[in-house]
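Student: Okay, so here is data-v4.pdb, and as you'll see once you scroll down, it has PDB, C-alpha atoms and all ligand atoms.
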```pdb
MODEL        1
ATOM      1  CA  MET A   1      94.346 126.678 130.953  1.00  0.00           C
ATOM      2  CA  SER A   2      91.540 126.774 133.523  1.00  0.00           C
ATOM      3  CA  GLU A   3      90.337 130.111 134.863  1.00  0.00           C
ATOM      4  CA  THR A   4      91.779 129.333 138.307  1.00  0.00           C
ATOM      5  CA  GLU A   5      95.220 128.469 136.900  1.00  0.00           C
ATOM      6  CA  ASN A   6      95.093 131.576 134.772  1.00  0.00           C
ATOM      7  CA  PHE A   7      94.418 133.769 137.825  1.00  0.00           C
ATOM      8  CA  SER A   8      97.228 132.161 139.821  1.00  0.00           C
ATOM      9  CA  THR A   9      99.639 132.879 136.952  1.00  0.00           C
ATOM     10  CA  LEU A  10      98.459 136.496 136.844  1.00  0.00           C
ATOM     11  CA  ARG A  11      98.837 136.719 140.645  1.00  0.00           C
ATOM     12  CA  ALA A  12     102.425 135.437 140.497  1.00  0.00           C
ATOM     13  CA  GLN A  13     103.203 137.991 137.769  1.00  0.00           C
ATOM     14  CA  MET A  14     101.647 140.763 139.835  1.00  0.00           C
ATOM     15  CA  ILE A  15     103.918 139.842 142.775  1.00  0.00           C
ATOM     16  CA  GLU A  16     107.048 139.890 140.583  1.00  0.00           C
ATOM     17  CA  GLN A  17     106.352 142.817 138.290  1.00  0.00           C
ATOM     18  CA  GLN A  18     104.291 145.190 140.416  1.00  0.00           C
ATOM     19  CA  LEU A  19     105.623 144.490 143.916  1.00  0.00           C
ATOM     20  CA  ILE A  20     109.116 142.929 144.008  1.00  0.00           C
ATOM     21  CA  ALA A  21     110.245 145.109 141.082  1.00  0.00           C
ATOM     22  CA  ARG A  22     109.198 148.169 143.102  1.00  0.00           C
ATOM     23  CA  GLU A  23     110.946 147.339 146.335  1.00  0.00           C
ATOM     24  CA  ILE A  24     108.239 145.544 148.228  1.00  0.00           C
ATOM     25  CA  THR A  25     110.372 143.176 150.305  1.00  0.00           C
ATOM     26  CA  ASP A  26     108.350 142.409 153.459  1.00  0.00           C
ATOM     27  CA  PRO A  27     107.910 138.603 153.397  1.00  0.00           C
ATOM     28  CA  LEU A  28     104.601 138.843 155.287  1.00  0.00           C
ATOM     29  CA  VAL A  29     103.171 141.196 152.617  1.00  0.00           C
ATOM     30  CA  LEU A  30     104.435 139.120 149.695  1.00  0.00           C
ATOM     31  CA  LYS A  31     103.199 135.856 151.164  1.00  0.00           C
ATOM     32  CA  ALA A  32      99.740 137.217 152.038  1.00  0.00           C
ATOM     33  CA  MET A  33      99.308 138.876 148.639  1.00  0.00           C
ATOM     34  CA  SER A  34     100.303 135.694 146.857  1.00  0.00           C
ATOM     35  CA  GLU A  35      97.649 133.771 148.812  1.00  0.00           C
ATOM     36  CA  ILE A  36      94.609 136.039 148.479  1.00  0.00           C
ATOM     37  CA  PRO A  37      92.637 135.710 145.204  1.00  0.00           C
ATOM     38  CA  ARG A  38      92.053 139.359 144.245  1.00  0.00           C
ATOM     39  CA  GLU A  39      89.613 138.276 141.508  1.00  0.00           C
ATOM     40  CA  ILE A  40      86.890 137.435 144.012  1.00  0.00           C
ATOM     41  CA  PHE A  41      86.980 140.971 145.437  1.00  0.00           C
ATOM     42  CA  VAL A  42      86.144 142.800 142.197  1.00  0.00           C
ATOM     43  CA  PRO A  43      82.766 142.923 140.405  1.00  0.00           C
ATOM     44  CA  LYS A  44      82.230 139.903 138.098  1.00  0.00           C
ATOM     45  CA  ALA A  45      82.150 142.009 134.946  1.00  0.00           C
ATOM     46  CA  ILE A  46      85.748 143.196 135.470  1.00  0.00           C
ATOM     47  CA  ARG A  47      87.195 140.050 137.055  1.00  0.00           C
ATOM     48  CA  LYS A  48      89.566 139.599 134.114  1.00  0.00           C
ATOM     49  CA  ASP A  49      91.198 142.925 135.077  1.00  0.00           C
ATOM     50  CA  ALA A  50      91.712 141.932 138.724  1.00  0.00           C
ATOM     51  CA  TYR A  51      95.530 141.835 138.468  1.00  0.00           C
ATOM     52  CA  GLU A  52      95.956 145.032 136.412  1.00  0.00           C
ATOM     53  CA  ASP A  53      98.368 147.571 137.862  1.00  0.00           C
ATOM     54  CA  CYS A  54      95.625 150.006 138.924  1.00  0.00           C
ATOM     55  CA  ALA A  55      92.716 150.673 141.270  1.00  0.00           C
ATOM     56  CA  LEU A  56      89.362 149.271 140.075  1.00  0.00           C
ATOM     57  CA  PRO A  57      85.769 150.362 140.659  1.00  0.00           C
ATOM     58  CA  ILE A  58      83.683 148.334 143.133  1.00  0.00           C
ATOM     59  CA  GLU A  59      80.046 148.836 144.153  1.00  0.00           C
ATOM     60  CA  LEU A  60      78.563 152.167 145.309  1.00  0.00           C
ATOM     61  CA  GLY A  61      81.149 154.298 143.510  1.00  0.00           C
ATOM     62  CA  GLN A  62      84.010 153.069 145.721  1.00  0.00           C
ATOM     63  CA  THR A  63      87.331 151.532 144.659  1.00  0.00           C
ATOM     64  CA  ILE A  64      89.635 148.629 145.450  1.00  0.00           C
ATOM     65  CA  SER A  65      93.166 150.048 145.682  1.00  0.00           C
ATOM     66  CA  GLN A  66      95.997 149.268 143.261  1.00  0.00           C
ATOM     67  CA  PRO A  67      97.921 146.160 144.454  1.00  0.00           C
ATOM     68  CA  TYR A  68     101.166 148.151 144.767  1.00  0.00           C
ATOM     69  CA  VAL A  69      99.516 150.787 146.967  1.00  0.00           C
ATOM     70  CA  VAL A  70      98.065 148.085 149.256  1.00  0.00           C
ATOM     71  CA  ALA A  71     101.528 146.490 149.495  1.00  0.00           C
ATOM     72  CA  LEU A  72     103.266 149.821 150.157  1.00  0.00           C
ATOM     73  CA  MET A  73     100.830 150.782 152.906  1.00  0.00           C
ATOM     74  CA  LEU A  74     101.024 147.412 154.621  1.00  0.00           C
ATOM     75  CA  GLN A  75     104.827 147.201 154.306  1.00  0.00           C
ATOM     76  CA  SER A  76     105.165 150.644 155.902  1.00  0.00           C
ATOM     77  CA  LEU A  77     103.346 149.342 159.001  1.00  0.00           C
ATOM     78  CA  ALA A  78     106.184 146.821 159.634  1.00  0.00           C
ATOM     79  CA  LEU A  79     103.664 144.317 161.006  1.00  0.00           C
ATOM     80  CA  ARG A  80     104.430 141.291 163.111  1.00  0.00           C
ATOM     81  CA  SER A  81     102.232 138.218 163.094  1.00  0.00           C
ATOM     82  CA  SER A  82     101.318 138.854 166.754  1.00  0.00           C
ATOM     83  CA  ASP A  83      99.832 142.307 166.003  1.00  0.00           C
ATOM     84  CA  LYS A  84      96.277 143.562 166.402  1.00  0.00           C
ATOM     85  CA  VAL A  85      95.367 145.848 163.499  1.00  0.00           C
ATOM     86  CA  LEU A  86      92.531 148.269 162.719  1.00  0.00           C
ATOM     87  CA  GLU A  87      91.457 149.073 159.153  1.00  0.00           C
ATOM     88  CA  ILE A  88      89.148 151.943 158.212  1.00  0.00           C
ATOM     89  CA  GLY A  89      87.232 151.470 154.920  1.00  0.00           C
ATOM     90  CA  THR A  90      86.648 147.727 154.444  1.00  0.00           C
ATOM     91  CA  GLY A  91      85.383 148.294 150.876  1.00  0.00           C
ATOM     92  CA  SER A  92      85.638 144.992 149.017  1.00  0.00           C
ATOM     93  CA  GLY A  93      87.421 143.317 151.941  1.00  0.00           C
ATOM     94  CA  TYR A  94      90.608 142.694 149.902  1.00  0.00           C
ATOM     95  CA  GLU A  95      93.010 144.525 152.194  1.00  0.00           C
ATOM     96  CA  ALA A  96      91.242 143.107 155.276  1.00  0.00           C
ATOM     97  CA  ALA A  97      91.802 139.579 153.909  1.00  0.00           C
ATOM     98  CA  ILE A  98      95.504 140.288 153.354  1.00  0.00           C
ATOM     99  CA  LEU A  99      95.798 141.738 156.852  1.00  0.00           C
ATOM    100  CA  GLY A 100      94.083 138.614 158.172  1.00  0.00           C
ATOM    101  CA  LYS A 101      96.963 136.538 156.761  1.00  0.00           C
ATOM    102  CA  MET A 102      99.599 138.908 158.183  1.00  0.00           C
ATOM    103  CA  ALA A 103      98.388 139.723 161.699  1.00  0.00           C
ATOM    104  CA  ARG A 104      96.832 137.994 164.688  1.00  0.00           C
ATOM    105  CA  ASN A 105      93.554 139.927 164.763  1.00  0.00           C
ATOM    106  CA  VAL A 106      92.085 142.453 162.386  1.00  0.00           C
ATOM    107  CA  TYR A 107      89.179 144.837 162.976  1.00  0.00           C
ATOM    108  CA  SER A 108      87.742 146.656 159.971  1.00  0.00           C
ATOM    109  CA  ILE A 109      85.062 149.360 159.805  1.00  0.00           C
ATOM    110  CA  GLU A 110      82.947 150.288 156.767  1.00  0.00           C
ATOM    111  CA  LEU A 111      80.343 153.038 156.463  1.00  0.00           C
ATOM    112  CA  GLU A 112      78.213 151.230 153.839  1.00  0.00           C
ATOM    113  CA  PRO A 113      76.229 148.180 155.071  1.00  0.00           C
ATOM    114  CA  GLU A 114      76.072 146.693 151.552  1.00  0.00           C
ATOM    115  CA  LEU A 115      79.876 146.690 151.184  1.00  0.00           C
ATOM    116  CA  ASN A 116      80.295 145.329 154.715  1.00  0.00           C
ATOM    117  CA  GLN A 117      77.994 142.393 153.889  1.00  0.00           C
ATOM    118  CA  ALA A 118      79.713 141.556 150.598  1.00  0.00           C
ATOM    119  CA  ALA A 119      83.123 141.689 152.315  1.00  0.00           C
ATOM    120  CA  ALA A 120      81.875 139.447 155.139  1.00  0.00           C
ATOM    121  CA  ASP A 121      80.648 136.868 152.586  1.00  0.00           C
ATOM    122  CA  ARG A 122      84.030 136.837 150.826  1.00  0.00           C
ATOM    123  CA  LEU A 123      86.028 136.430 154.044  1.00  0.00           C
ATOM    124  CA  LYS A 124      83.753 133.580 155.063  1.00  0.00           C
ATOM    125  CA  ALA A 125      84.201 131.863 151.699  1.00  0.00           C
ATOM    126  CA  LEU A 126      87.983 132.118 152.163  1.00  0.00           C
ATOM    127  CA  LYS A 127      87.661 130.763 155.745  1.00  0.00           C
ATOM    128  CA  ILE A 128      89.426 133.799 157.172  1.00  0.00           C
ATOM    129  CA  ASN A 129      88.116 134.010 160.715  1.00  0.00           C
ATOM    130  CA  ASN A 130      90.488 136.374 162.511  1.00  0.00           C
ATOM    131  CA  VAL A 131      88.979 139.453 160.811  1.00  0.00           C
ATOM    132  CA  SER A 132      86.020 141.187 162.511  1.00  0.00           C
ATOM    133  CA  LEU A 133      83.914 143.601 160.478  1.00  0.00           C
ATOM    134  CA  ARG A 134      81.600 146.340 161.660  1.00  0.00           C
ATOM    135  CA  VAL A 135      79.367 148.931 159.986  1.00  0.00           C
ATOM    136  CA  GLY A 136      80.180 152.320 161.440  1.00  0.00           C
ATOM    137  CA  ASP A 137      81.992 155.600 161.276  1.00  0.00           C
ATOM    138  CA  GLY A 138      85.721 155.093 160.944  1.00  0.00           C
ATOM    139  CA  TYR A 139      86.483 158.467 162.554  1.00  0.00           C
ATOM    140  CA  LYS A 140      85.440 156.913 165.869  1.00  0.00           C
ATOM    141  CA  GLY A 141      87.678 153.860 165.538  1.00  0.00           C
ATOM    142  CA  TRP A 142      86.921 150.698 167.535  1.00  0.00           C
ATOM    143  CA  PRO A 143      87.479 151.774 171.172  1.00  0.00           C
ATOM    144  CA  GLU A 144      86.520 148.400 172.720  1.00  0.00           C
ATOM    145  CA  GLN A 145      89.470 146.736 170.940  1.00  0.00           C
ATOM    146  CA  ALA A 146      92.011 149.565 171.329  1.00  0.00           C
ATOM    147  CA  PRO A 147      94.940 149.980 171.550  1.00  0.00           C
ATOM    148  CA  PHE A 148      96.218 148.718 168.199  1.00  0.00           C
ATOM    149  CA  GLU A 149      99.791 148.080 167.054  1.00  0.00           C
ATOM    150  CA  ALA A 150      98.830 149.414 163.621  1.00  0.00           C
ATOM    151  CA  ILE A 151      96.019 151.283 161.879  1.00  0.00           C
ATOM    152  CA  VAL A 152      95.501 151.543 158.116  1.00  0.00           C
ATOM    153  CA  VAL A 153      93.047 154.076 156.714  1.00  0.00           C
ATOM    154  CA  SER A 154      91.928 153.348 153.135  1.00  0.00           C
ATOM    155  CA  ALA A 155      89.897 156.508 152.474  1.00  0.00           C
ATOM    156  CA  ALA A 156      91.316 160.034 152.519  1.00  0.00           C
ATOM    157  CA  PRO A 157      90.428 162.341 155.426  1.00  0.00           C
ATOM    158  CA  SER A 158      91.165 166.058 155.245  1.00  0.00           C
ATOM    159  CA  GLU A 159      92.349 166.125 158.830  1.00  0.00           C
ATOM    160  CA  ILE A 160      94.150 163.500 160.908  1.00  0.00           C
ATOM    161  CA  PRO A 161      91.405 161.611 162.812  1.00  0.00           C
ATOM    162  CA  ARG A 162      92.263 162.244 166.461  1.00  0.00           C
ATOM    163  CA  GLU A 163      90.392 159.243 167.827  1.00  0.00           C
ATOM    164  CA  LEU A 164      92.482 156.941 165.645  1.00  0.00           C
ATOM    165  CA  VAL A 165      95.741 158.416 166.915  1.00  0.00           C
ATOM    166  CA  ALA A 166      94.395 157.955 170.448  1.00  0.00           C
ATOM    167  CA  GLN A 167      93.687 154.257 169.753  1.00  0.00           C
ATOM    168  CA  LEU A 168      97.274 153.594 168.639  1.00  0.00           C
ATOM    169  CA  LYS A 169      99.768 151.942 171.020  1.00  0.00           C
ATOM    170  CA  VAL A 170     102.981 153.754 171.859  1.00  0.00           C
ATOM    171  CA  GLY A 171     105.404 152.355 169.276  1.00  0.00           C
ATOM    172  CA  GLY A 172     102.468 151.803 166.909  1.00  0.00           C
ATOM    173  CA  ARG A 173     102.084 153.030 163.332  1.00  0.00           C
ATOM    174  CA  LEU A 174      99.217 154.577 161.402  1.00  0.00           C
ATOM    175  CA  ILE A 175      99.170 155.003 157.636  1.00  0.00           C
ATOM    176  CA  LEU A 176      96.659 157.145 155.765  1.00  0.00           C
ATOM    177  CA  PRO A 177      96.142 158.989 152.488  1.00  0.00           C
ATOM    178  CA  PHE A 178      95.853 162.634 153.507  1.00  0.00           C
ATOM    179  CA  GLY A 179      94.246 165.571 151.734  1.00  0.00           C
ATOM    180  CA  GLU A 180      91.559 166.382 149.173  1.00  0.00           C
ATOM    181  CA  GLU A 181      92.817 167.017 145.611  1.00  0.00           C
ATOM    182  CA  ASP A 182      96.531 166.396 146.162  1.00  0.00           C
ATOM    183  CA  GLN A 183      96.758 163.462 148.502  1.00  0.00           C
ATOM    184  CA  GLU A 184      99.914 162.170 150.147  1.00  0.00           C
ATOM    185  CA  LEU A 185     100.444 158.881 151.930  1.00  0.00           C
ATOM    186  CA  VAL A 186     101.428 159.804 155.469  1.00  0.00           C
ATOM    187  CA  LEU A 187     102.969 157.385 157.972  1.00  0.00           C
ATOM    188  CA  ILE A 188     102.596 158.435 161.603  1.00  0.00           C
ATOM    189  CA  GLU A 189     104.516 156.754 164.396  1.00  0.00           C
ATOM    190  CA  LYS A 190     103.492 157.231 168.006  1.00  0.00           C
ATOM    191  CA  THR A 191     106.573 157.469 170.219  1.00  0.00           C
ATOM    192  CA  GLU A 192     107.095 158.124 173.931  1.00  0.00           C
ATOM    193  CA  SER A 193     107.788 161.753 173.110  1.00  0.00           C
ATOM    194  CA  GLY A 194     104.964 162.355 170.614  1.00  0.00           C
ATOM    195  CA  LEU A 195     104.095 161.808 166.953  1.00  0.00           C
ATOM    196  CA  GLU A 196     106.579 161.472 164.113  1.00  0.00           C
ATOM    197  CA  SER A 197     105.383 161.594 160.534  1.00  0.00           C
ATOM    198  CA  GLU A 198     106.833 160.790 157.141  1.00  0.00           C
ATOM    199  CA  GLU A 199     105.425 161.303 153.628  1.00  0.00           C
ATOM    200  CA  LEU A 200     105.559 158.332 151.277  1.00  0.00           C
ATOM    201  CA  GLY A 201     104.374 159.841 147.981  1.00  0.00           C
ATOM    202  CA  GLY A 202     101.273 160.961 146.109  1.00  0.00           C
ATOM    203  CA  VAL A 203      98.142 158.784 145.888  1.00  0.00           C
ATOM    204  CA  ARG A 204      94.454 159.042 144.990  1.00  0.00           C
ATOM    205  CA  PHE A 205      91.830 157.533 147.299  1.00  0.00           C
ATOM    206  CA  VAL A 206      88.087 158.088 147.680  1.00  0.00           C
ATOM    207  CA  PRO A 207      87.323 160.642 150.405  1.00  0.00           C
ATOM    208  CA  MET A 208      86.771 159.520 153.992  1.00  0.00           C
ATOM    209  CA  ARG A 209      83.225 160.719 154.557  1.00  0.00           C
ATOM    210  CA  LYS A 210      81.785 162.325 157.647  1.00  0.00           C
ATOM    211  CA  SER A 211      78.881 160.192 158.727  1.00  0.00           C
ATOM    212  CA  VAL A 212      75.571 162.027 159.099  1.00  0.00           C
ATOM    213  CA  GLU A 213      74.484 161.056 162.602  1.00  0.00           C
TER
HETATM  214  N1  LIG A 301      90.425 148.704 151.592  1.00  0.00           N
HETATM  215  C1  LIG A 301      89.402 148.581 150.559  1.00  0.00           C
HETATM  216  C2  LIG A 301      89.274 149.823 149.700  1.00  0.00           C
HETATM  217  C3  LIG A 301      88.460 150.818 150.408  1.00  0.00           C
HETATM  218  S1  LIG A 301      87.805 152.137 149.477  1.00  0.00           S
HETATM  219  C4  LIG A 301      89.621 147.363 149.701  1.00  0.00           C
HETATM  220  O1  LIG A 301      90.596 146.651 149.903  1.00  0.00           O
HETATM  221  O2  LIG A 301      88.764 147.111 148.843  1.00  0.00           O
HETATM  222  C5  LIG A 301      87.371 153.148 150.831  1.00  0.00           C
HETATM  223  C6  LIG A 301      86.188 152.680 151.630  1.00  0.00           C
HETATM  224  O3  LIG A 301      86.051 153.561 152.742  1.00  0.00           O
HETATM  225  C7  LIG A 301      84.862 152.748 150.880  1.00  0.00           C
HETATM  226  O4  LIG A 301      84.275 151.482 150.873  1.00  0.00           O
HETATM  227  C8  LIG A 301      84.039 153.755 151.677  1.00  0.00           C
HETATM  228  O5  LIG A 301      82.661 153.426 151.732  1.00  0.00           O
HETATM  229  C9  LIG A 301      84.682 153.687 153.051  1.00  0.00           C
HETATM  230  N2  LIG A 301      84.527 154.882 153.893  1.00  0.00           N
HETATM  231  C10 LIG A 301      84.493 156.185 153.533  1.00  0.00           C
HETATM  232  N3  LIG A 301      84.360 156.979 154.600  1.00  0.00           N
HETATM  233  C11 LIG A 301      84.303 156.160 155.695  1.00  0.00           C
HETATM  234  C12 LIG A 301      84.149 156.382 157.095  1.00  0.00           C
HETATM  235  N4  LIG A 301      84.027 157.595 157.633  1.00  0.00           N
HETATM  236  N5  LIG A 301      84.120 155.300 157.899  1.00  0.00           N
HETATM  237  C13 LIG A 301      84.232 154.032 157.401  1.00  0.00           C
HETATM  238  N6  LIG A 301      84.369 153.767 156.092  1.00  0.00           N
HETATM  239  C14 LIG A 301      84.404 154.815 155.238  1.00  0.00           C
ENDMDL
END
```
Will you turn the file into structure tokens for me?

Tutor:
Amino acid sequence: MSETENFSTLRAQMIEQQLIAREITDPLVLKAMSEIPREIFVPKAIRKDAYEDCALPIELGQTISQPYVVALMLQSLALRSSDKVLEIGTGSGYEAAILGKMARNVYSIELEPELNQAAADRLKALKINNVSLRVGDGYKGWPEQAPFEAIVVSAAPSEIPRELVAQLKVGGRLILPFGEEDQELVLIEKTESGLESEELGGVRFVPMRKSVE
């Protein structure tokens, strides 16, 4: 079997065993995750592990999230294909690529220029051109493109970033891992009468860093 065929078999198994078996049902999530080759987003030396049921190390001490956690976060946003979405923490670009398949326009911010560049190269190679990347501080969001129907934060802050809540549309949803040692996935919905939040279980993400400007 060629390497490419091998990876598509592993990808199909990942969809069945790690996602569908755990109640990921959103057709947009399942379709996007079955189209994006996760193996190109992980360092070459661990490419063979790309479809393992866990987070993996990427450059600069950061991580690419476990496939199930990516699916859970994106499913909780209840996206529509007409949505404009903001991601904080581009990292490898994997989640940004999936969002690119699910939504109309995606904006993603990364603190580290080196990770931003590698992610940009991968998105270009995949011909995904509805995802815009920027190097910057995620706490500030992307005001020029606000408001967003959905925001996904892929690094854990120890307080809810106020600017991000401000850049959410009424009716919009924000998902983030919250806390330091014991993190929880928190889904926040902005309604006419204020914010509603729901906890979706324990997770472990790298910290969302304060930039030193
Ligand atoms: N979504 C990524 C995983 C991101 S890991 C993927 O699919 O691969 C979290 C990323 O958040 C890291 O790359 C880290 O550098 C970045 N990060 C941490 N603090 C940040 C901040 N304040 N603003 C923007 N990015 C930040």

Student: Quick one: residues within 6 Å of range 163-167 of chain A, all atoms listed in the file counted, chain neighbours fewer than 2 positions away excluded, as a PyMOL selection string?

Tutor: chain A and resi 140-141+146-147+161

Student: Rounded to one decimal in Å, what is the spacing between CA of Arg162 in chain A and CA of Ala103 in chain A?

Tutor: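 Result for CA of Arg162 in chain A versus CA of Ala103 in chain A: 23.8 Å, one decimal.
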
Student: How many Å lie between CA of Arg22 in chain A and CA of Glu184 in chain A, rounded to one decimal?

Tutor: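 Separation between CA of Arg22 in chain A and CA of Glu184 in chain A: 18.2 Å.
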
Student: If you apply the PyMOL selection byres (((chain A and resi 52) around 10) and not hetatm) to this file, what residues do you get, as a ChimeraX atom specification?

Tutor: /A:10-11,14,18,48-51,53-56,66-67

Student: When the cut-off is 6 Å and you count all atoms listed in the file, which residues lie near ligand LIG 301 (chain A), shown as a ChimeraX atom specification?

Tutor: /A:62-65,88-95,109-112,136-139,154-155,206,208-211

Student: For Ile160 in chain A, which residue out of A:Ala21, A:Lys124, A:Glu181, A:Ser197 is the nearest one, using only C-alpha atoms?

Tutor: A:Ser197

Student: Calculate how many Å separate CA of Glu16 in chain A from CA of Ala156 in chain A, rounding to one decimal.

Tutor: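 Distance between the two atoms: 28.2 Å.
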
Student: At the level of C-alpha atoms, write range 65-83 of chain A to a file as an mmCIF file, in the first residue's frame, please.

Tutor:
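The result, written out as out29.cif:
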```
data_model
loop_
_atom_site.group_PDB
_atom_site.id
_atom_site.type_symbol
_atom_site.label_atom_id
_atom_site.label_comp_id
_atom_site.auth_asym_id
_atom_site.auth_seq_id
_atom_site.Cartn_x
_atom_site.Cartn_y
_atom_site.Cartn_z
ATOM 1 C CA SER A 65 -4.850 19.020 19.473
ATOM 2 C CA GLN A 66 -6.299 15.503 19.609
ATOM 3 C CA PRO A 67 -8.657 14.943 16.624
ATOM 4 C CA TYR A 68 -11.623 14.299 18.944
ATOM 5 C CA VAL A 69 -11.063 17.568 20.818
ATOM 6 C CA VAL A 70 -10.900 19.519 17.531
ATOM 7 C CA ALA A 71 -14.146 17.836 16.422
ATOM 8 C CA LEU A 72 -15.882 18.475 19.759
ATOM 9 C CA MET A 73 -14.928 22.150 19.787
ATOM 10 C CA LEU A 74 -15.992 22.727 16.199
ATOM 11 C CA GLN A 75 -19.242 20.756 16.593
ATOM 12 C CA SER A 76 -20.153 22.839 19.651
ATOM 13 C CA LEU A 77 -19.982 25.995 17.502
ATOM 14 C CA ALA A 78 -22.881 24.697 15.329
ATOM 15 C CA LEU A 79 -21.344 26.365 12.269
ATOM 16 C CA ARG A 80 -23.082 27.116 9.016
ATOM 17 C CA SER A 81 -21.220 27.299 5.733
ATOM 18 C CA SER A 82 -22.046 31.026 5.474
ATOM 19 C CA ASP A 83 -20.266 31.865 8.765
#
```
